[in-house]
Amino acid sequence: MARRTERARVRPTARGRRTGRIAGGAVVALLACAAAVAWYGSLPPRSESITTATIGAPADIRFDAWGRPYVTARTFEDALFAQGYLHARERLWQMELLRRAGRGRLAELFGGAAAEADIATWRVGVPALAARLEAAASTDTRARTASYVAGINAALAGRLVPPPEFALLATRPLPWTEHDVHAVAALLAWQSSKNLDLEVLRVELASALDAVRLEPFVPGADWPWPIELAIGAGPGLAAFVDAIEPAHVAGLPSARFGSNAWALAPQRAAAGGAMLAFDSHDDLALPNLFHEVHLFDDAGQVRGWSLPGLPGVVNGYNDAVAWGFTATGDTQDLFVVPADAGIESESRVLPVRFGRGRAFAIERHALGPVVARTPDGRGLALAWTGHRIDHDAIGALLALNRADSAGALLDAAARIELPVSMLTFAARDGRIGQLVVGRLPIRASGDGRLPQPGTPGAAWRGLWPTAANPRLLDPVDGIVAAANGPVGHDRQGPLVSADFEPGYRIGRIRAALGARERHAFDDMGALQRDWRNPQAERVLPRLLEALDRAAASPRDLALIDALEAWQSAPDDMPDSVAALVFEHWYLALAEVLFADALGEGFDRLMRHNYVVAAAIDRLLLEPDPHPWWRGERDGMIRRAFARAVEAIAVTQGPDPGAWRWDRAQRVRLRHELGRLAAPLGWLFDGPERPWGGGPHTVGRANWRYARPFRVSHAATVRYVAAFGPERPRVAAAIPGGQGGHPSSRHYLDQFDAWLEGRLLPVASRPEELGPATIFLWPQGSPPPGR
C-alpha cells in the first residue's frame with residue numbers, strides 16, 4: 001500500500017497575519033507609487049533646456065495662458081525642429097496612432113481587432129501613396145522634413161517616461177523617420193477623399209429598391225442605371241468600408257476635415273481690412289485633431305493649426321494671408337470588372353500582436369485595387385486619384401504656409417494635387433477668394449455617384465490639371481463662402497462632385513453676411529456659433545400642415561403651438577422644446593418612410609445624414625406625392641409625430657414643460673482608448689455636456705441619424721482673422737486643449753470657451769508673452785551660465 005504523506009497544516013499566528021498584511025499592503029503601495037510615477041512622470045515639464053546637434057542656432061519657446069506655443073528661431077528649418085519637438089512633447093500618442101494607421105500597422109499595437117483596418121489600408125493603397133510622396137519630395141522638402149523629424153526624436157531621446165497610453169499597452173515609441181511623416185500625409189489624403197462610402201450605400205439601396213424608389217437617393221442620375229451590377233455586392237463592400245471607417249473601428253484615428261469658411265473684402269469689414277472666419281468640422285476626440293502652433297524665424301512666420309505628425313500647419317495664417325480648407329470633391333469611383341480578367345494578386349503577411357500573422361492578398365486591376373467581390377466572382381475595383389499622384393505634398397503645404405501675398409498663396413495652391421478641397425482665403429492686400437485645389441478625375445461615363453461597368457470605354461481618361469478647377473476671386477459683392485455645398489459646374493471643366501450636403505449652412509451664411517453692409521470682428525465669431533435651423537425653416541410648415549388640430553390631445557396641441565411659434569425663427573437653443581420635437585419627429589418620419597422597405601439596410605442609410613435629408617426634404621416639398629408615401633402622406637407624417645412625442649415622454653417624462661433640447665443632445669470628447677475599453681474612458685475621456693445647435697446649423701453640432709443626439713462631429717478649431725495695416729487680429733478656440741496628457745492643465749482648458757462659442761485672443765508676437773520656458777541649443781553652444 002502506497003504510503004501517503006500529508007503536509008502539516010500550520011495555523012498562522014496573529015503576528016504572522018499582521019506581517020502578511022503589512023507585506024501585502026507594501027506591495028500595493030509600491031504598485032500605486034509605480035503607477036503614479038508612470039502617470040505623472042510622463043507629464044511634459046513646464047520648463048526645460050536641451051542641447052542637440054540637429055539645430056543650427058539657439059531657439060526658444062514661450063507659451064500663453066492656454067498652452068499655445070510661440071517659437072522663435074533663426075531659420076525655418078530650426079522652427080520646424082522646434083515644432084517636431086513640441087508635437088512629440090504634447091501629442092506623442094496621437095502621432096503614434098496616425099503613423100501606424102498610415103502605414104497599415106495598427107495590428108502590431110492592438111492585435112487582431114485592428115487587422116481588418118490594416119488590410120483595408122493596404123488594399124486601397126495608402127502605404128503605397130506614402131512611398132510615392134516620399135520619393136517625389138524635393139531637396140528642400142527633404143531637408144525641412146528631416147529637421148521636423150529630428151525635433152521629434154530629440155524629444156523622444158530626452159523622455160524617460162512615455163505618455164501613459166504606451167504604458168497601458170506595454171509598448172514604447174520607436175524613433176520617427178521621414179517615411180512616417182509621408183505616411184501621415186497619405187492617411188490625411190485618403191480620409192479626406194470622397195465618395196466611396198456613398199457609392200457603397202447606393203449599391204445596398206439598389207439591391208433592395210426598384211428604380212423609382214431609388215431615385216430620391218440619386219436625384220438627377222442618368223436612368224436606366226444597370227442596377228443588376230450591384231446585386232449581391234453590398235455585404236462585401238459594406239464590410240470593407242466599415243473596416244476602414246474610423247467611426248466603426250476603435251483605435252483607427254480620424255484625420256479628415258469638413259468645415260465652414262467665409263471671407264469679406266475690406267469694403268464689407270467695419271475695420272477696413274479683409275477678414276476670414278474658419279471652423280474645421282471633424283470628428284471630435286481627445287486630444288483634439290489639431291495642435292495650435294506659432295513659428296517665427298528671421299525670414300517669416302507660420303501660424304495656425306497643425307496635424308501632429310506633419311510639419312507646418314494645415315489651416316492658418318501669417319502677416320500676409322489667412323486660409324482654411326473645406327472638404328469637397330469626388331475622387332473615388334467603383335467599377336464592376338470581370339471575375340479574373342486582367343487582375344493581378346500580391347500576397348502579403350500582416351504582423352499581428354498577440355497572434356500569428358494574417359495572410360492577405362492585394363488584387364489589382366487596371367482600373368484600381370479590387371476591394372470586394374460579387375457572389376458570382378466579379379470584382380469591385382476602386383479608382384482613386386491617389387493611385388495616380390506622386391507629387392511633393394509636404395513641399396506644397398509648406399509653400400502655402402510661407403506665402404507672402406495672395407498671388408504667392410494661389411501659386412502654392414496650384415501645387416496641391418490631393419486631397420481635393422476648397423481653399424478660402426483673405427489677404428492683407430485686400431484680396432479674398434476661394435478655389436478648388438487638387439486634381440479631379442476626367443470621367444468617361446457617369447457622375448461618380450454610382451458604380452460603372454468596368455469596360456475600357458468607362459475608365460477615367462486621366463486627371464484634370466489644377467488650373468482647370470473652379471475659382472472665385474475678388475467678387476464684386478465682397479463675399480466668398482464655403483460649407484461643403486454644391487460647386488458650380490459649367491460642363492466644360494471638371495465636375496467637382498455630384499454629391500454634396502444640402503445648402504442649409506451655406507444659405508444661412510450668405511443670408512447673414514448679405515443682411516448688412518459691414519461686419520465687425522465679433523460678428524464673424526457670432527455667426528460661427530449661429531444656431532438657426534434652416535432645414536426647419538424650410539420643411540416645418542409642410543409637416544405642420546399634415547397635423548389635425550381637431551384630433552390632437554391637449555399635450556399635442558401645446559406642442560403644435562410651440563412648433564408654430566418657433567417656425568418663424570427656429571433656433572436650436574438648449575432650452576427649446578420645439579427643437580427637441582422637430583428633431584425627434586424628423587427621425588421618426590425617416591423610420592416610417594424607409595425602415596420596412598430597407599430592413600437591415602436602414603441603419604446604414606441613417607449613417608449618412610445628408611442623403612437622408614436630401615431625400616426626405618424633397619419628398620416633403622415636391623407637389624406630387626411620391627410612391628414612397630404609399631398614398632398616405634399626411635397619415636405617415638402624423639404617425640411619425642405620435643412616435644416622436646411618445647419617445648420623448650419615455651426619456652424626459654410626461655410633462656412637456658420639463659422638456660429641453662439639451663436634455664437629449666449631449667457632447668463628449670472621447671479618447672481612442674476610451675473607445676477601445678469603456679473603463680479607460682474614466683481616465684481619458686472628457687465630461688459629457690448638454691449643448692445646443694444641430695446637424696444643419698452653422699454652429700454645427702452634428703450627430704449621425706443612426707446614433708441620434710450624441711454629438712460626434714463639430715468644429716475642431718474656430719478662428720477669425722482680421723487684417724489691419726500691420727498685423728492681423730486673431731482669436732481662436734479648440735475643443736479640449738493643447739495638451740495630450742489627461743493630467744495636463746491644458747487637456748480640457750478650452751472646452752468651456754468652445755462650448756460657449758467664445759474665441760480666445762492670440763498674441764501678435766512672442767514678445768507680448770512672458771519669458772521663454774523652453775530653450776533649444778545647438779551642440780557646442782551651451783546656454784549662458786553653464
# chains A, B, ... in the order shown; residues from 1 in each chain; ligands from 1
>>> select_by_dssp(residues="range 46-292 of chain A", states="strand (DSSP E or B)", output="PyMOL selection string")
chain A and resi 48-52+59-63+69-72+260-264+269+275-283+286+291-292
>>> select_by_dssp(residues="range 322-535 of chain A", states="alpha helix (DSSP H)", output="number ranges by chain")
A: 393-401, 406-413, 504-514, 521-528, 534-535
>>> write_last_selection(atoms="C-alpha atoms", output="PDB file, in the first residue's frame")
ATOM      1  CA  ALA A 393       2.712  67.128 -50.950  1.00  0.00           C
ATOM      2  CA  ILE A 394       4.658  68.356 -47.899  1.00  0.00           C
ATOM      3  CA  GLY A 395       6.529  70.908 -50.024  1.00  0.00           C
ATOM      4  CA  ALA A 396       3.265  72.276 -51.456  1.00  0.00           C
ATOM      5  CA  LEU A 397       1.784  72.674 -47.965  1.00  0.00           C
ATOM      6  CA  LEU A 398       4.889  74.434 -46.640  1.00  0.00           C
ATOM      7  CA  ALA A 399       4.940  76.764 -49.646  1.00  0.00           C
ATOM      8  CA  LEU A 400       1.348  77.707 -48.855  1.00  0.00           C
ATOM      9  CA  ASN A 401       2.339  78.301 -45.226  1.00  0.00           C
ATOM     10  CA  ALA A 406      -2.430  86.440 -52.276  1.00  0.00           C
ATOM     11  CA  GLY A 407      -0.570  85.733 -55.510  1.00  0.00           C
ATOM     12  CA  ALA A 408       2.004  83.570 -53.752  1.00  0.00           C
ATOM     13  CA  LEU A 409      -0.789  81.674 -51.996  1.00  0.00           C
ATOM     14  CA  LEU A 410      -2.502  80.998 -55.341  1.00  0.00           C
ATOM     15  CA  ASP A 411       0.788  79.769 -56.822  1.00  0.00           C
ATOM     16  CA  ALA A 412       1.334  77.415 -53.880  1.00  0.00           C
ATOM     17  CA  ALA A 413      -2.270  76.182 -54.037  1.00  0.00           C
ATOM     18  CA  TYR A 504     -28.665  74.855 -45.485  1.00  0.00           C
ATOM     19  CA  ARG A 505     -25.445  76.067 -43.861  1.00  0.00           C
ATOM     20  CA  ILE A 506     -24.130  77.915 -46.909  1.00  0.00           C
ATOM     21  CA  GLY A 507     -27.530  79.531 -47.443  1.00  0.00           C
ATOM     22  CA  ARG A 508     -27.653  80.760 -43.846  1.00  0.00           C
ATOM     23  CA  ILE A 509     -24.068  82.078 -44.033  1.00  0.00           C
ATOM     24  CA  ARG A 510     -24.733  84.006 -47.219  1.00  0.00           C
ATOM     25  CA  ALA A 511     -28.009  85.405 -45.908  1.00  0.00           C
ATOM     26  CA  ALA A 512     -26.373  86.584 -42.670  1.00  0.00           C
ATOM     27  CA  LEU A 513     -23.396  88.164 -44.452  1.00  0.00           C
ATOM     28  CA  GLY A 514     -25.611  89.848 -47.020  1.00  0.00           C
ATOM     29  CA  PHE A 521     -14.707  91.163 -35.910  1.00  0.00           C
ATOM     30  CA  ASP A 522     -17.120  89.926 -33.251  1.00  0.00           C
ATOM     31  CA  ASP A 523     -19.869  89.476 -35.873  1.00  0.00           C
ATOM     32  CA  MET A 524     -17.750  86.834 -37.573  1.00  0.00           C
ATOM     33  CA  GLY A 525     -17.404  84.831 -34.367  1.00  0.00           C
ATOM     34  CA  ALA A 526     -21.118  85.214 -33.615  1.00  0.00           C
ATOM     35  CA  LEU A 527     -22.013  83.685 -36.996  1.00  0.00           C
ATOM     36  CA  GLN A 528     -19.719  80.734 -36.284  1.00  0.00           C
ATOM     37  CA  PRO A 534     -32.504  76.426 -41.898  1.00  0.00           C
ATOM     38  CA  GLN A 535     -33.867  72.937 -42.500  1.00  0.00           C
TER      39      GLN A 535
END
>>> residues_around(residues="Arg356 in chain A", least_positions_apart="2", cutoff="12 Å", atoms="only C-alpha atoms", output="number ranges by chain")
A: 107-108, 111-112, 115, 349-354, 358-359
>>> residues_around(residues="Ala458 in chain A", least_positions_apart="3", cutoff="12 Å", atoms="only C-alpha atoms", output="list in words")
Asp333, Leu334, Phe335, Val336, Val337, Leu367, Ala383, Ile442, Arg443, Ala444, Ser445, Gly446, Asp447, Gly448, Pro451, Gln452, Pro453, Gly454, Thr455, Arg461 and Gly462 of chain A
>>> closest_residue(among="A:Val762, A:Ala65, A:Val181, A:Ala243", to="Asp197 in chain A", atoms="only C-alpha atoms")
A:Ala243
>>> residues_around(residues="range 662-672 of chain A", least_positions_apart="6", cutoff="6 Å", atoms="only C-alpha atoms", output="PDB file with all heavy atoms, in the first residue's frame")
ATOM      1  N   GLY A 251      -9.594  52.738 -32.237  1.00  0.00           N
ATOM      2  CA  GLY A 251      -8.151  52.723 -32.423  1.00  0.00           C
ATOM      3  C   GLY A 251      -7.714  53.281 -33.756  1.00  0.00           C
ATOM      4  O   GLY A 251      -6.541  53.637 -33.921  1.00  0.00           O
ATOM      5  N   LEU A 284     -14.814  64.706 -33.319  1.00  0.00           N
ATOM      6  CA  LEU A 284     -14.353  65.180 -32.018  1.00  0.00           C
ATOM      7  C   LEU A 284     -13.589  64.079 -31.306  1.00  0.00           C
ATOM      8  O   LEU A 284     -13.988  62.911 -31.343  1.00  0.00           O
ATOM      9  CB  LEU A 284     -15.538  65.631 -31.167  1.00  0.00           C
ATOM     10  CG  LEU A 284     -16.331  66.827 -31.685  1.00  0.00           C
ATOM     11  CD1 LEU A 284     -17.530  67.090 -30.793  1.00  0.00           C
ATOM     12  CD2 LEU A 284     -15.457  68.075 -31.770  1.00  0.00           C
ATOM     13  N   ALA A 285     -12.515  64.454 -30.631  1.00  0.00           N
ATOM     14  CA  ALA A 285     -11.703  63.463 -29.935  1.00  0.00           C
ATOM     15  C   ALA A 285     -10.818  64.159 -28.918  1.00  0.00           C
ATOM     16  O   ALA A 285     -10.649  65.379 -28.936  1.00  0.00           O
ATOM     17  CB  ALA A 285     -10.845  62.677 -30.926  1.00  0.00           C
ATOM     18  N   LEU A 286     -10.245  63.370 -28.030  1.00  0.00           N
ATOM     19  CA  LEU A 286      -9.182  63.809 -27.125  1.00  0.00           C
ATOM     20  C   LEU A 286      -7.960  62.938 -27.387  1.00  0.00           C
ATOM     21  O   LEU A 286      -8.078  61.706 -27.392  1.00  0.00           O
ATOM     22  CB  LEU A 286      -9.616  63.684 -25.658  1.00  0.00           C
ATOM     23  CG  LEU A 286     -10.507  64.788 -25.113  1.00  0.00           C
ATOM     24  CD1 LEU A 286     -10.937  64.465 -23.686  1.00  0.00           C
ATOM     25  CD2 LEU A 286      -9.795  66.137 -25.144  1.00  0.00           C
ATOM     26  N   PRO A 574     -30.550  75.547 -26.376  1.00  0.00           N
ATOM     27  CA  PRO A 574     -30.531  74.418 -25.439  1.00  0.00           C
ATOM     28  C   PRO A 574     -31.859  74.170 -24.727  1.00  0.00           C
ATOM     29  O   PRO A 574     -32.208  73.019 -24.457  1.00  0.00           O
ATOM     30  CB  PRO A 574     -29.433  74.814 -24.440  1.00  0.00           C
ATOM     31  CG  PRO A 574     -28.525  75.701 -25.225  1.00  0.00           C
ATOM     32  CD  PRO A 574     -29.421  76.467 -26.149  1.00  0.00           C
ATOM     33  N   PHE A 684      -9.417  58.842 -19.503  1.00  0.00           N
ATOM     34  CA  PHE A 684      -9.002  59.641 -20.645  1.00  0.00           C
ATOM     35  C   PHE A 684     -10.098  60.525 -21.252  1.00  0.00           C
ATOM     36  O   PHE A 684      -9.783  61.525 -21.889  1.00  0.00           O
ATOM     37  CB  PHE A 684      -8.446  58.726 -21.747  1.00  0.00           C
ATOM     38  CG  PHE A 684      -7.169  58.026 -21.376  1.00  0.00           C
ATOM     39  CD1 PHE A 684      -7.181  56.706 -20.943  1.00  0.00           C
ATOM     40  CD2 PHE A 684      -5.956  58.681 -21.455  1.00  0.00           C
ATOM     41  CE1 PHE A 684      -6.007  56.048 -20.608  1.00  0.00           C
ATOM     42  CE2 PHE A 684      -4.772  58.039 -21.119  1.00  0.00           C
ATOM     43  CZ  PHE A 684      -4.798  56.721 -20.700  1.00  0.00           C
ATOM     44  N   ASP A 685     -11.362  60.150 -21.134  1.00  0.00           N
ATOM     45  CA  ASP A 685     -12.438  60.907 -21.786  1.00  0.00           C
ATOM     46  C   ASP A 685     -12.751  62.193 -21.030  1.00  0.00           C
ATOM     47  O   ASP A 685     -12.502  62.313 -19.829  1.00  0.00           O
ATOM     48  CB  ASP A 685     -13.707  60.064 -21.879  1.00  0.00           C
ATOM     49  CG  ASP A 685     -13.582  58.916 -22.861  1.00  0.00           C
ATOM     50  OD1 ASP A 685     -12.539  58.833 -23.539  1.00  0.00           O
ATOM     51  OD2 ASP A 685     -14.513  58.102 -22.944  1.00  0.00           O
ATOM     52  N   GLY A 686     -13.338  63.131 -21.752  1.00  0.00           N
ATOM     53  CA  GLY A 686     -13.821  64.355 -21.128  1.00  0.00           C
ATOM     54  C   GLY A 686     -15.222  64.172 -20.578  1.00  0.00           C
ATOM     55  O   GLY A 686     -15.874  63.143 -20.797  1.00  0.00           O
ATOM     56  N   PRO A 687     -15.742  65.170 -19.864  1.00  0.00           N
ATOM     57  CA  PRO A 687     -17.099  65.075 -19.309  1.00  0.00           C
ATOM     58  C   PRO A 687     -18.154  65.244 -20.394  1.00  0.00           C
ATOM     59  O   PRO A 687     -17.914  65.865 -21.432  1.00  0.00           O
ATOM     60  CB  PRO A 687     -17.149  66.242 -18.316  1.00  0.00           C
ATOM     61  CG  PRO A 687     -16.199  67.244 -18.897  1.00  0.00           C
ATOM     62  CD  PRO A 687     -15.090  66.455 -19.521  1.00  0.00           C
ATOM     63  N   GLU A 688     -19.320  64.676 -20.160  1.00  0.00           N
ATOM     64  CA  GLU A 688     -20.445  64.864 -21.073  1.00  0.00           C
ATOM     65  C   GLU A 688     -21.164  66.160 -20.718  1.00  0.00           C
ATOM     66  O   GLU A 688     -21.447  66.427 -19.554  1.00  0.00           O
ATOM     67  CB  GLU A 688     -21.408  63.680 -20.985  1.00  0.00           C
ATOM     68  CG  GLU A 688     -22.533  63.740 -22.011  1.00  0.00           C
ATOM     69  CD  GLU A 688     -23.426  62.514 -21.970  1.00  0.00           C
ATOM     70  OE1 GLU A 688     -24.300  62.466 -21.097  1.00  0.00           O
ATOM     71  OE2 GLU A 688     -23.226  61.607 -22.799  1.00  0.00           O
ATOM     72  N   ARG A 689     -21.465  66.972 -21.740  1.00  0.00           N
ATOM     73  CA  ARG A 689     -22.098  68.262 -21.502  1.00  0.00           C
ATOM     74  C   ARG A 689     -23.335  68.425 -22.387  1.00  0.00           C
ATOM     75  O   ARG A 689     -23.363  67.950 -23.530  1.00  0.00           O
ATOM     76  CB  ARG A 689     -21.124  69.393 -21.824  1.00  0.00           C
ATOM     77  CG  ARG A 689     -19.887  69.436 -20.926  1.00  0.00           C
ATOM     78  CD  ARG A 689     -20.217  69.949 -19.540  1.00  0.00           C
ATOM     79  NE  ARG A 689     -19.008  70.108 -18.731  1.00  0.00           N
ATOM     80  CZ  ARG A 689     -18.216  71.174 -18.767  1.00  0.00           C
ATOM     81  NH1 ARG A 689     -18.506  72.182 -19.577  1.00  0.00           N
ATOM     82  NH2 ARG A 689     -17.148  71.233 -17.999  1.00  0.00           N
ATOM     83  N   PRO A 690     -24.367  69.121 -21.889  1.00  0.00           N
ATOM     84  CA  PRO A 690     -25.515  69.469 -22.737  1.00  0.00           C
ATOM     85  C   PRO A 690     -25.116  70.566 -23.715  1.00  0.00           C
ATOM     86  O   PRO A 690     -24.239  71.385 -23.428  1.00  0.00           O
ATOM     87  CB  PRO A 690     -26.548  69.967 -21.718  1.00  0.00           C
ATOM     88  CG  PRO A 690     -25.731  70.476 -20.569  1.00  0.00           C
ATOM     89  CD  PRO A 690     -24.517  69.599 -20.505  1.00  0.00           C
ATOM     90  N   TRP A 691     -25.802  70.607 -24.865  1.00  0.00           N
ATOM     91  CA  TRP A 691     -25.407  71.578 -25.891  1.00  0.00           C
ATOM     92  C   TRP A 691     -26.577  71.868 -26.818  1.00  0.00           C
ATOM     93  O   TRP A 691     -27.517  71.080 -26.935  1.00  0.00           O
ATOM     94  CB  TRP A 691     -24.232  71.021 -26.686  1.00  0.00           C
ATOM     95  CG  TRP A 691     -23.323  72.066 -27.252  1.00  0.00           C
ATOM     96  CD1 TRP A 691     -23.076  73.308 -26.748  1.00  0.00           C
ATOM     97  CD2 TRP A 691     -22.521  71.939 -28.424  1.00  0.00           C
ATOM     98  NE1 TRP A 691     -22.143  73.956 -27.521  1.00  0.00           N
ATOM     99  CE2 TRP A 691     -21.793  73.140 -28.562  1.00  0.00           C
ATOM    100  CE3 TRP A 691     -22.328  70.941 -29.361  1.00  0.00           C
ATOM    101  CZ2 TRP A 691     -20.894  73.368 -29.601  1.00  0.00           C
ATOM    102  CZ3 TRP A 691     -21.433  71.151 -30.389  1.00  0.00           C
ATOM    103  CH2 TRP A 691     -20.711  72.361 -30.513  1.00  0.00           C
ATOM    104  N   PHE A 709     -28.418  62.391 -31.386  1.00  0.00           N
ATOM    105  CA  PHE A 709     -28.252  63.336 -30.284  1.00  0.00           C
ATOM    106  C   PHE A 709     -26.946  63.199 -29.530  1.00  0.00           C
ATOM    107  O   PHE A 709     -26.745  63.889 -28.536  1.00  0.00           O
ATOM    108  CB  PHE A 709     -29.439  63.257 -29.301  1.00  0.00           C
ATOM    109  CG  PHE A 709     -30.772  63.148 -29.969  1.00  0.00           C
ATOM    110  CD1 PHE A 709     -31.716  62.232 -29.533  1.00  0.00           C
ATOM    111  CD2 PHE A 709     -31.088  63.938 -31.059  1.00  0.00           C
ATOM    112  CE1 PHE A 709     -32.955  62.123 -30.155  1.00  0.00           C
ATOM    113  CE2 PHE A 709     -32.319  63.836 -31.703  1.00  0.00           C
ATOM    114  CZ  PHE A 709     -33.258  62.929 -31.251  1.00  0.00           C
ATOM    115  N   ARG A 710     -26.042  62.345 -29.976  1.00  0.00           N
ATOM    116  CA  ARG A 710     -24.714  62.263 -29.375  1.00  0.00           C
ATOM    117  C   ARG A 710     -23.735  62.932 -30.344  1.00  0.00           C
ATOM    118  O   ARG A 710     -23.315  62.326 -31.325  1.00  0.00           O
ATOM    119  CB  ARG A 710     -24.308  60.805 -29.101  1.00  0.00           C
ATOM    120  CG  ARG A 710     -25.136  60.154 -28.007  1.00  0.00           C
ATOM    121  CD  ARG A 710     -24.921  60.873 -26.677  1.00  0.00           C
ATOM    122  NE  ARG A 710     -25.691  60.310 -25.575  1.00  0.00           N
ATOM    123  CZ  ARG A 710     -26.831  60.803 -25.140  1.00  0.00           C
ATOM    124  NH1 ARG A 710     -27.377  61.849 -25.738  1.00  0.00           N
ATOM    125  NH2 ARG A 710     -27.446  60.264 -24.101  1.00  0.00           N
ATOM    126  N   VAL A 711     -23.397  64.182 -30.061  1.00  0.00           N
ATOM    127  CA  VAL A 711     -22.600  64.982 -30.990  1.00  0.00           C
ATOM    128  C   VAL A 711     -21.222  64.350 -31.152  1.00  0.00           C
ATOM    129  O   VAL A 711     -20.483  64.167 -30.180  1.00  0.00           O
ATOM    130  CB  VAL A 711     -22.466  66.434 -30.495  1.00  0.00           C
ATOM    131  CG1 VAL A 711     -21.575  67.240 -31.437  1.00  0.00           C
ATOM    132  CG2 VAL A 711     -23.837  67.085 -30.369  1.00  0.00           C
TER     133      VAL A 711
END
>>> residues_around(residues="range 264-273 of chain A", least_positions_apart="4", cutoff="10 Å", atoms="only C-alpha atoms", output="MDAnalysis selection string")
chainID A and resid 277 425:433 474:481 513:514 516:521 523:524 721:725 728
>>> write_last_selection(atoms="C-alpha atoms", output="CSV table (one decimal), in the first residue's frame")
chain,number,residue,atom,x,y,z
A,277,ALA,CA,-13.7,83.2,-40.5
A,425,PHE,CA,-8.5,82.9,-48.1
A,426,ALA,CA,-8.2,86.6,-47.2
A,427,ALA,CA,-5.1,88.7,-47.6
A,428,ARG,CA,-3.5,91.8,-46.1
A,429,ASP,CA,-3.6,93.5,-49.6
A,430,GLY,CA,-7.4,93.3,-49.5
A,431,ARG,CA,-7.9,90.3,-51.8
A,432,ILE,CA,-10.3,87.5,-51.0
A,433,GLY,CA,-11.2,84.3,-52.8
A,474,ASP,CA,-12.4,89.2,-55.5
A,475,PRO,CA,-16.1,89.1,-56.3
A,476,VAL,CA,-18.0,92.4,-56.7
A,477,ASP,CA,-20.2,91.8,-53.6
A,478,GLY,CA,-17.1,91.3,-51.4
A,479,ILE,CA,-18.2,87.9,-50.0
A,480,VAL,CA,-16.9,84.4,-50.6
A,481,ALA,CA,-18.2,81.4,-48.5
A,513,LEU,CA,-23.4,88.2,-44.5
A,514,GLY,CA,-25.6,89.8,-47.0
A,516,ARG,CA,-25.8,94.2,-43.6
A,517,GLU,CA,-23.2,96.3,-45.4
A,518,ARG,CA,-20.4,95.9,-43.0
A,519,HIS,CA,-19.4,93.4,-40.3
A,520,ALA,CA,-17.2,93.7,-37.2
A,521,PHE,CA,-14.7,91.2,-35.9
A,523,ASP,CA,-19.9,89.5,-35.9
A,524,MET,CA,-17.7,86.8,-37.6
A,721,ALA,CA,-8.5,86.8,-38.6
A,722,ALA,CA,-8.9,90.5,-39.5
A,723,PHE,CA,-6.1,92.2,-41.4
A,724,GLY,CA,-5.0,95.7,-40.5
A,725,PRO,CA,-2.2,98.0,-41.7
A,728,PRO,CA,-3.7,90.6,-38.2
>>> atom_distance(atom1="CA of Val612 in chain A", atom2="CA of Leu214 in chain A")
12.0 Å
>>> closest_residue(among="A:Ala562, A:Ala578, A:Val124, A:Leu593", to="Val370 in chain A", atoms="only C-alpha atoms")
A:Val124
>>> closest_residue(among="A:Ala130, A:Leu380, A:Leu755, A:Leu683", to="Val200 in chain A", atoms="only C-alpha atoms")
A:Leu380
>>> decode(residues="range 286-297 of chain A", atoms="N, CA and C atoms", output="PDB file, in the first residue's frame")
ATOM      1  N   LEU A 286     -10.245  63.370 -28.030  1.00  0.00           N
ATOM      2  CA  LEU A 286      -9.182  63.809 -27.125  1.00  0.00           C
ATOM      3  C   LEU A 286      -7.960  62.938 -27.387  1.00  0.00           C
ATOM      4  N   PRO A 287      -6.803  63.565 -27.614  1.00  0.00           N
ATOM      5  CA  PRO A 287      -6.654  65.004 -27.802  1.00  0.00           C
ATOM      6  C   PRO A 287      -7.303  65.465 -29.093  1.00  0.00           C
ATOM      7  N   ASN A 288      -7.429  66.792 -29.230  1.00  0.00           N
ATOM      8  CA  ASN A 288      -8.049  67.371 -30.413  1.00  0.00           C
ATOM      9  C   ASN A 288      -7.244  67.037 -31.674  1.00  0.00           C
ATOM     10  N   LEU A 289      -7.930  66.993 -32.809  1.00  0.00           N
ATOM     11  CA  LEU A 289      -7.254  66.707 -34.077  1.00  0.00           C
ATOM     12  C   LEU A 289      -6.089  67.664 -34.313  1.00  0.00           C
ATOM     13  N   PHE A 290      -6.310  68.954 -34.053  1.00  0.00           N
ATOM     14  CA  PHE A 290      -5.302  69.962 -34.372  1.00  0.00           C
ATOM     15  C   PHE A 290      -4.534  70.410 -33.137  1.00  0.00           C
ATOM     16  N   HIS A 291      -3.293  70.818 -33.372  1.00  0.00           N
ATOM     17  CA  HIS A 291      -2.419  71.396 -32.348  1.00  0.00           C
ATOM     18  C   HIS A 291      -2.019  72.785 -32.851  1.00  0.00           C
ATOM     19  N   GLU A 292      -2.361  73.816 -32.086  1.00  0.00           N
ATOM     20  CA  GLU A 292      -2.049  75.178 -32.496  1.00  0.00           C
ATOM     21  C   GLU A 292      -0.573  75.472 -32.260  1.00  0.00           C
ATOM     22  N   VAL A 293       0.058  76.160 -33.221  1.00  0.00           N
ATOM     23  CA  VAL A 293       1.475  76.470 -33.100  1.00  0.00           C
ATOM     24  C   VAL A 293       1.765  77.777 -33.829  1.00  0.00           C
ATOM     25  N   HIS A 294       2.754  78.528 -33.328  1.00  0.00           N
ATOM     26  CA  HIS A 294       3.159  79.798 -33.926  1.00  0.00           C
ATOM     27  C   HIS A 294       4.669  79.778 -34.089  1.00  0.00           C
ATOM     28  N   LEU A 295       5.126  79.738 -35.350  1.00  0.00           N
ATOM     29  CA  LEU A 295       6.543  79.616 -35.671  1.00  0.00           C
ATOM     30  C   LEU A 295       7.049  80.933 -36.256  1.00  0.00           C
ATOM     31  N   PHE A 296       8.075  81.506 -35.646  1.00  0.00           N
ATOM     32  CA  PHE A 296       8.676  82.751 -36.108  1.00  0.00           C
ATOM     33  C   PHE A 296      10.157  82.516 -36.386  1.00  0.00           C
ATOM     34  N   ASP A 297      10.605  82.960 -37.552  1.00  0.00           N
ATOM     35  CA  ASP A 297      12.028  82.909 -37.856  1.00  0.00           C
ATOM     36  C   ASP A 297      12.428  84.211 -38.537  1.00  0.00           C
TER      37      ASP A 297
END
